[in-house]
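Peer 1: Pasting a structure below so you can have a look.
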Amino acid sequence: MSDPLPPGERRVRAVALSYTESDGARGLAPRIVATGQAAIAEAIIARAREFGVPVHESRELVAALMQFELDERIPPALYVAVAEVLTWAHRLEHGLARDAIGGTGRTNHGAAARTATVQRKP
């Protein structure tokens, strides 16, 4: 059973992933580069936004990814879910999804395969 939260507070968890062209060329899976809850999660999200890294919200994916250690490669069971998020981030950064989500079109090509996935519980 989860701990009750004080009124007006929400539980935030975040996982940041990285997947480079070099990883792809070597057949490596994306890796976990940051995880956290509460204030640490908020810092991960703020840092991602500061550097133009897309932030995707997915309670189920965060719950699955929080089970792994920093710098660990994601397991095959999560390939499809993570690939969908990385594809979304890539499209967003290259302006391909701008109209569909109402974005600004600002891109950060250097972070094309980085994303922070968050879970917010009301």
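Here, A, B, ... name the chains of the structure tokens in the order displayed, residue numbers run from 1 inside each chain, and ligands are numbered from 1 in the same displayed order.
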Write down as a compact mmCIF listing (two decimals) with C-alpha atoms, in the first residue's frame the residues belonging to segment 4-109 of chain A that are assigned strand (DSSP E) by DSSP computed on the backbone.

Peer 2:
# COMPACT_ATOMS: atom_id res chain seq x y z
CA ARG A 11 4.21 12.17 -5.97
CA VAL A 12 6.56 12.67 -8.88
CA ARG A 13 9.00 10.09 -10.23
CA ALA A 14 11.27 10.51 -13.24
CA VAL A 15 13.59 8.40 -15.36
CA ALA A 16 15.95 9.85 -17.96
CA LEU A 17 17.09 7.71 -20.88
CA SER A 18 19.87 8.05 -23.43
CA ARG A 31 20.34 3.18 -21.01
CA ILE A 32 19.04 4.76 -17.84
CA VAL A 33 20.99 7.92 -17.04
CA ALA A 34 18.96 9.34 -14.13
CA THR A 35 16.17 8.26 -11.79
CA GLY A 36 14.50 9.93 -8.87
CA GLN A 37 11.45 10.69 -6.81
CA VAL A 55 9.68 15.17 -21.27
CA HIS A 56 7.12 12.39 -21.75
CA GLU A 57 4.59 11.35 -19.12

Peer 1: When you look at segment 76-79 of chain A with a cut-off of 9 Å (counting only C-alpha atoms), what residues show up, excluding the ones that are within fewer than 6 positions of it in the same chain? I need them as an MDAnalysis selection string.

Peer 2: chainID A and resid 29:30 61 64:65

Peer 1: Have a look at atom CA of Ala83 of chain A and atom CA of Ala43 of chain A and let me know their distance in Å, one decimal.

Peer 2: 24.2 Å

Peer 1: How far is it from atom CA of Val80 of chain A to atom CA of Ala63 of chain A, in Å with one decimal?

Peer 2: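 Straight-line distance from atom CA of Val80 of chain A to atom CA of Ala63 of chain A works out to 15.5 Å.
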